[in-house]
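Structure first, then comments.
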Amino acid sequence: MIITPRYTIIEDGAINKLEEVLKNLNLKNPLIVTGRNTKKYCKFSYDIVYYDEILNSQIRFEYDSIIGVGGGKAIDTGKYLAYKLGIPFISVPTTASNDGIASPIVSIKQPSFMASAPIAIIADTEIIKKSPKRLLSAGMGDIVSNITAVLDWKLAYKEKGERYSESSAIFSKTIAKELISYVLNSDLLEYHSKLVKALVGSGIAIAIANSSRPASGSEHLFSHALDRLKEEYNLNVNSLHGEQCGVGTIMMSYLHEKENKKLSGLHEKIKMSLKKVNAPTTAKELGFDEDIIVEALTIAHKIRDRWTILRTGLSREEARKLAEETGVI
């Protein structure tokens, strides 16, 4: 398994260095996996397939690598295909909405699973800066979730004896704290670049720990619970993963505050940073009725076998009180 990328290029015009990177890696016959809206960035003489047509395509085995160009679905599909074929994967994100651009995790459907991390990450900040603002806001939600993810991980270590990596935890937490500090104390002119670097760092922390623990805790369980309810009730809500995780982080950090006075004010700081980049902080802004938020909180602990601040679950009364006290509803 590739733990850290051999090449990480994050700068304006980075995509123009793709062929140079391939040459340095001695890769001569890659397959590009992309979407219809991002094909315009694939100005290379390599075979191309759309991520939503992979299952219907005959993928030849002479390809020596897979390049994912686009958003989360293109990156995840490319990562999955490379893993199945046993060949290297190169990540070329065109937006920055989650840390999947650098992590070994594939989240095409739940439950997600560990594949192999990208051998190279080429993030063209000129392209990313032009991506939909909402996606860049969602990326902030995925990064702040590192805070509660690490707190949950340490809690599981203390209460359940779960394996814990202090170095990975500190690395992941520091990434989130630095981005929050930048957002709260700047004019955001370099936000897109800072965000990409944070997401790449978060993905690397996952790869080093060989676990999603450094970046996924109770807030992600809440997000997955919302996804489950969307499907179960056929809800017409188009909230994004990072947006849901951000709102979840507000509530989960508040639960941690109640057990640790040293964390006092944490959820408000997180909420302010999300607001600064125009990310949702309430049920209404996410597009959910209050009752859905409450129900998601009560079932989140059942989503997967992972010990968090939710422990054995919240009652409906506890869930509603949590959402109300944090201003989510």
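Just remember, in the structure tokens the first chain shown is A, the second B, etc., residues are 1-based per chain, and ligands are 1-based in the order shown.
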_Selection: 12 Å around Tyr182 of chain A, only C-alpha atoms, excl. self and same-chain fewer than 6 positions, as a list of chain:residue names_ =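 Listing them by chain and then by number gives A:Met140, A:Ile175, A:Ala176, A:Leu188, A:Leu189, A:Glu190, A:Tyr191, A:His192, A:Ser193, A:Lys194, A:Leu195, A:Ala198, A:Ser273, A:Leu274, A:Lys276, A:Val277.
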*asked:* Residues within 10 Å of segment 288-300 of chain A, please, as JSON, numbers by chain. Count only C-alpha atoms; anything in the same chain fewer than 2 positions from it doesn't count.
replied: {"A": [218, 219, 220, 221, 222, 223, 224, 225, 226, 227, 228, 229, 230, 233, 235, 236, 237, 238, 239, 248, 251, 252, 282, 283, 284, 285, 286, 302, 303, 304, 310, 311, 312, 313, 314, 315, 316, 317, 318, 319, 320, 321, 322, 323, 324, 328, 329]}
*Hey, what's within 10 Å of Ile105 of chain A if we count only C-alpha atoms and toss same-chain stuff fewer than 6 positions away? As JSON, numbers by chain, please?*
{"A": [76, 79, 80, 99, 112, 113, 114, 115, 116, 117, 203, 206, 207, 210, 211, 212]}
Give me a file of those residues, with all heavy atoms, as a short mmCIF file (atom, residue, chain, number, x, y, z; two decimals), in the first residue's frame.
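Full text of selection09.cif as output:
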```cif
data_model
loop_
_atom_site.label_atom_id
_atom_site.label_comp_id
_atom_site.auth_asym_id
_atom_site.auth_seq_id
_atom_site.Cartn_x
_atom_site.Cartn_y
_atom_site.Cartn_z
N ASP A 76 -13.05 8.91 -6.66
CA ASP A 76 -13.35 7.65 -5.98
C ASP A 76 -13.44 6.47 -6.95
O ASP A 76 -12.94 5.39 -6.67
CB ASP A 76 -14.66 7.77 -5.20
CG ASP A 76 -14.43 8.09 -3.73
OD1 ASP A 76 -13.29 8.39 -3.37
OD2 ASP A 76 -15.39 8.04 -2.94
N LYS A 79 -9.96 5.66 -8.16
CA LYS A 79 -9.23 5.02 -7.05
C LYS A 79 -9.63 3.55 -6.91
O LYS A 79 -8.79 2.67 -6.73
CB LYS A 79 -9.51 5.78 -5.76
CG LYS A 79 -8.55 5.50 -4.62
CD LYS A 79 -9.02 6.17 -3.34
CE LYS A 79 -9.22 7.66 -3.48
NZ LYS A 79 -9.70 8.30 -2.25
N TYR A 80 -10.94 3.33 -7.01
CA TYR A 80 -11.47 1.96 -6.88
C TYR A 80 -10.98 1.09 -8.03
O TYR A 80 -10.54 -0.05 -7.83
CB TYR A 80 -13.00 2.02 -6.88
CG TYR A 80 -13.67 0.67 -6.91
CD1 TYR A 80 -13.74 -0.12 -5.77
CD2 TYR A 80 -14.24 0.17 -8.09
CE1 TYR A 80 -14.35 -1.37 -5.79
CE2 TYR A 80 -14.85 -1.07 -8.12
CZ TYR A 80 -14.91 -1.83 -6.97
OH TYR A 80 -15.52 -3.07 -6.99
N ASP A 99 -11.71 15.18 1.67
CA ASP A 99 -10.32 14.71 1.71
C ASP A 99 -10.08 13.42 0.93
O ASP A 99 -8.99 12.85 0.98
CB ASP A 99 -9.83 14.54 3.16
CG ASP A 99 -10.70 13.61 3.98
OD1 ASP A 99 -11.42 12.79 3.39
OD2 ASP A 99 -10.67 13.71 5.22
N SER A 112 -17.85 2.67 3.33
CA SER A 112 -16.63 2.96 2.59
C SER A 112 -15.57 1.92 2.96
O SER A 112 -15.72 1.19 3.94
CB SER A 112 -16.13 4.36 2.91
OG SER A 112 -15.92 4.50 4.31
N PHE A 113 -14.52 1.84 2.17
CA PHE A 113 -13.46 0.87 2.50
C PHE A 113 -12.09 1.43 2.12
O PHE A 113 -11.99 2.37 1.34
CB PHE A 113 -13.72 -0.47 1.80
CG PHE A 113 -13.52 -0.45 0.31
CD1 PHE A 113 -12.30 -0.80 -0.25
CD2 PHE A 113 -14.55 -0.07 -0.53
CE1 PHE A 113 -12.12 -0.78 -1.62
CE2 PHE A 113 -14.39 -0.06 -1.91
CZ PHE A 113 -13.16 -0.42 -2.46
N MET A 114 -11.07 0.81 2.68
CA MET A 114 -9.70 1.25 2.43
C MET A 114 -9.17 0.60 1.16
O MET A 114 -9.16 -0.63 1.03
CB MET A 114 -8.80 0.88 3.61
CG MET A 114 -9.19 1.51 4.93
SD MET A 114 -8.80 3.27 5.03
CE MET A 114 -7.03 3.19 5.25
N ALA A 115 -8.69 1.40 0.23
CA ALA A 115 -8.05 0.90 -0.97
C ALA A 115 -6.55 1.27 -0.86
O ALA A 115 -5.93 1.00 0.15
CB ALA A 115 -8.69 1.52 -2.21
N SER A 116 -6.01 1.92 -1.87
CA SER A 116 -4.62 2.42 -1.81
C SER A 116 -4.63 3.92 -2.04
O SER A 116 -5.44 4.43 -2.82
CB SER A 116 -3.76 1.74 -2.87
OG SER A 116 -3.69 0.35 -2.65
N ALA A 117 -3.74 4.61 -1.37
CA ALA A 117 -3.65 6.06 -1.52
C ALA A 117 -3.05 6.40 -2.88
O ALA A 117 -2.36 5.59 -3.50
CB ALA A 117 -2.78 6.64 -0.40
N GLY A 203 -6.02 13.61 4.11
CA GLY A 203 -5.98 12.31 3.43
C GLY A 203 -4.73 11.53 3.76
O GLY A 203 -4.76 10.30 3.94
N ILE A 206 -4.95 9.91 7.17
CA ILE A 206 -5.71 8.67 7.10
C ILE A 206 -4.85 7.53 6.60
O ILE A 206 -4.87 6.41 7.14
CB ILE A 206 -6.94 8.85 6.18
CG1 ILE A 206 -7.94 9.82 6.80
CG2 ILE A 206 -7.62 7.51 5.89
CD1 ILE A 206 -9.08 10.23 5.87
N ALA A 207 -4.06 7.80 5.57
CA ALA A 207 -3.19 6.78 5.00
C ALA A 207 -2.14 6.31 6.00
O ALA A 207 -1.86 5.11 6.12
CB ALA A 207 -2.52 7.31 3.73
N ASN A 210 -3.71 4.23 8.53
CA ASN A 210 -4.38 3.08 7.92
C ASN A 210 -5.79 2.93 8.49
O ASN A 210 -6.28 1.83 8.74
CB ASN A 210 -3.59 1.79 8.11
CG ASN A 210 -4.07 0.68 7.19
OD1 ASN A 210 -4.54 0.95 6.09
ND2 ASN A 210 -3.96 -0.56 7.64
N SER A 211 -6.42 4.05 8.72
CA SER A 211 -7.76 4.09 9.30
C SER A 211 -8.35 5.46 9.02
O SER A 211 -7.63 6.46 8.91
CB SER A 211 -7.69 3.88 10.81
OG SER A 211 -8.91 4.20 11.45
N SER A 212 -9.68 5.54 8.92
CA SER A 212 -10.33 6.82 8.71
C SER A 212 -10.48 7.58 10.04
O SER A 212 -10.95 8.72 10.05
CB SER A 212 -11.72 6.63 8.09
OG SER A 212 -12.55 5.85 8.95
#
```
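For the set A:Ile67, A:Ile127, A:Ala96, A:Val247, the residue with the smallest atom-to-atom gap to Gly139 of chain A is A:Ala96, counting only C-alpha atoms.
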Residues within 9 Å of Ala102 of chain A, only C-alpha atoms, excluding chain neighbours under 5 positions, as an mmCIF file with N, CA, C and O atoms, in the first residue's frame:
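Saved result, result30.cif, follows:
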```cif
data_model
loop_
_atom_site.group_PDB
_atom_site.id
_atom_site.type_symbol
_atom_site.label_atom_id
_atom_site.label_comp_id
_atom_site.auth_asym_id
_atom_site.auth_seq_id
_atom_site.Cartn_x
_atom_site.Cartn_y
_atom_site.Cartn_z
ATOM 1 N N THR A 4 2.235 7.513 1.431
ATOM 2 C CA THR A 4 2.227 8.939 1.093
ATOM 3 C C THR A 4 2.567 9.098 -0.383
ATOM 4 O O THR A 4 3.298 8.282 -0.956
ATOM 5 N N PRO A 5 2.034 10.117 -1.043
ATOM 6 C CA PRO A 5 2.278 10.303 -2.476
ATOM 7 C C PRO A 5 3.734 10.643 -2.770
ATOM 8 O O PRO A 5 4.393 11.319 -1.980
ATOM 9 N N SER A 91 -4.307 11.274 -8.520
ATOM 10 C CA SER A 91 -5.466 12.108 -8.215
ATOM 11 C C SER A 91 -5.284 13.516 -8.775
ATOM 12 O O SER A 91 -4.312 14.204 -8.440
ATOM 13 N N ALA A 117 -3.745 4.608 -1.366
ATOM 14 C CA ALA A 117 -3.648 6.063 -1.518
ATOM 15 C C ALA A 117 -3.050 6.405 -2.880
ATOM 16 O O ALA A 117 -2.356 5.591 -3.497
ATOM 17 N N PRO A 118 -3.310 7.600 -3.386
ATOM 18 C CA PRO A 118 -2.736 8.014 -4.677
ATOM 19 C C PRO A 118 -1.209 8.028 -4.637
ATOM 20 O O PRO A 118 -0.608 8.380 -3.620
ATOM 21 N N ALA A 120 0.350 9.981 -6.648
ATOM 22 C CA ALA A 120 0.627 11.392 -6.913
ATOM 23 C C ALA A 120 -0.675 12.183 -6.837
ATOM 24 O O ALA A 120 -1.746 11.660 -7.142
ATOM 25 N N ILE A 121 -0.557 13.427 -6.395
ATOM 26 C CA ILE A 121 -1.704 14.329 -6.319
ATOM 27 C C ILE A 121 -1.326 15.613 -7.037
ATOM 28 O O ILE A 121 -0.338 16.260 -6.690
ATOM 29 N N LEU A 199 -6.912 19.471 2.909
ATOM 30 C CA LEU A 199 -7.571 18.232 2.509
ATOM 31 C C LEU A 199 -6.554 17.158 2.136
ATOM 32 O O LEU A 199 -6.732 15.982 2.458
ATOM 33 N N VAL A 200 -5.495 17.565 1.469
ATOM 34 C CA VAL A 200 -4.429 16.610 1.131
ATOM 35 C C VAL A 200 -3.776 16.089 2.410
ATOM 36 O O VAL A 200 -3.559 14.887 2.573
ATOM 37 N N GLY A 201 -3.485 17.003 3.344
ATOM 38 C CA GLY A 201 -2.889 16.591 4.614
ATOM 39 C C GLY A 201 -3.785 15.640 5.376
ATOM 40 O O GLY A 201 -3.331 14.651 5.969
ATOM 41 N N SER A 202 -5.092 15.913 5.360
ATOM 42 C CA SER A 202 -6.050 15.060 6.047
ATOM 43 C C SER A 202 -6.065 13.660 5.434
ATOM 44 O O SER A 202 -6.101 12.645 6.146
ATOM 45 N N GLY A 203 -6.022 13.608 4.110
ATOM 46 C CA GLY A 203 -5.982 12.306 3.435
ATOM 47 C C GLY A 203 -4.729 11.527 3.763
ATOM 48 O O GLY A 203 -4.763 10.300 3.938
ATOM 49 N N ILE A 204 -3.614 12.236 3.861
ATOM 50 C CA ILE A 204 -2.353 11.579 4.205
ATOM 51 C C ILE A 204 -2.390 11.056 5.639
ATOM 52 O O ILE A 204 -1.882 9.975 5.942
ATOM 53 N N ILE A 206 -4.949 9.908 7.170
ATOM 54 C CA ILE A 206 -5.714 8.671 7.105
ATOM 55 C C ILE A 206 -4.845 7.526 6.600
ATOM 56 O O ILE A 206 -4.870 6.408 7.136
ATOM 57 N N ALA A 207 -4.058 7.805 5.566
ATOM 58 C CA ALA A 207 -3.191 6.776 4.998
ATOM 59 C C ALA A 207 -2.143 6.309 6.002
ATOM 60 O O ALA A 207 -1.859 5.113 6.124
#
```
*Mind listing the helix (DSSP H, G or I) residues of segment 31-218 of chain A, per DSSP on the backbone, as a count of residues only?*
101
*Would you mind listing what lies within 12 Å of Phe89 of chain A as JSON, numbers by chain, with only C-alpha atoms counted and same-chain residues fewer than 4 positions away left out?*
{"A": [1, 2, 5, 6, 7, 22, 25, 27, 30, 31, 32, 33, 63, 64, 65, 66, 67, 68, 69, 74, 75, 76, 77, 78, 79, 80, 81, 82, 83, 84, 85, 101, 102, 103, 104, 115, 116, 117, 118, 119, 120, 121, 122]}
*Taking the DSSP assignment computed from this structure's backbone, write out as a PyMOL selection string all residues of segment 96-306 of chain A that belong to strand (DSSP E).*
chain A and resi 105-106+113-114+120-124
If you keep C-alpha atoms, can you produce a file of those selected residues as a PDB file, in the first residue's frame?
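This is the output file out-v4.pdb:
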```
ATOM      1  CA  ILE A 105     -10.686   5.537   1.252  1.00  0.00           C
ATOM      2  CA  VAL A 106     -13.268   4.749  -1.423  1.00  0.00           C
ATOM      3  CA  PHE A 113     -13.464   0.873   2.497  1.00  0.00           C
ATOM      4  CA  MET A 114      -9.696   1.250   2.429  1.00  0.00           C
ATOM      5  CA  ALA A 120       0.627  11.392  -6.913  1.00  0.00           C
ATOM      6  CA  ILE A 121      -1.704  14.329  -6.319  1.00  0.00           C
ATOM      7  CA  ILE A 122      -1.827  17.155  -8.818  1.00  0.00           C
ATOM      8  CA  ALA A 123      -4.119  19.938  -7.646  1.00  0.00           C
ATOM      9  CA  ASP A 124      -4.386  22.881 -10.010  1.00  0.00           C
TER      10      ASP A 124
END
```
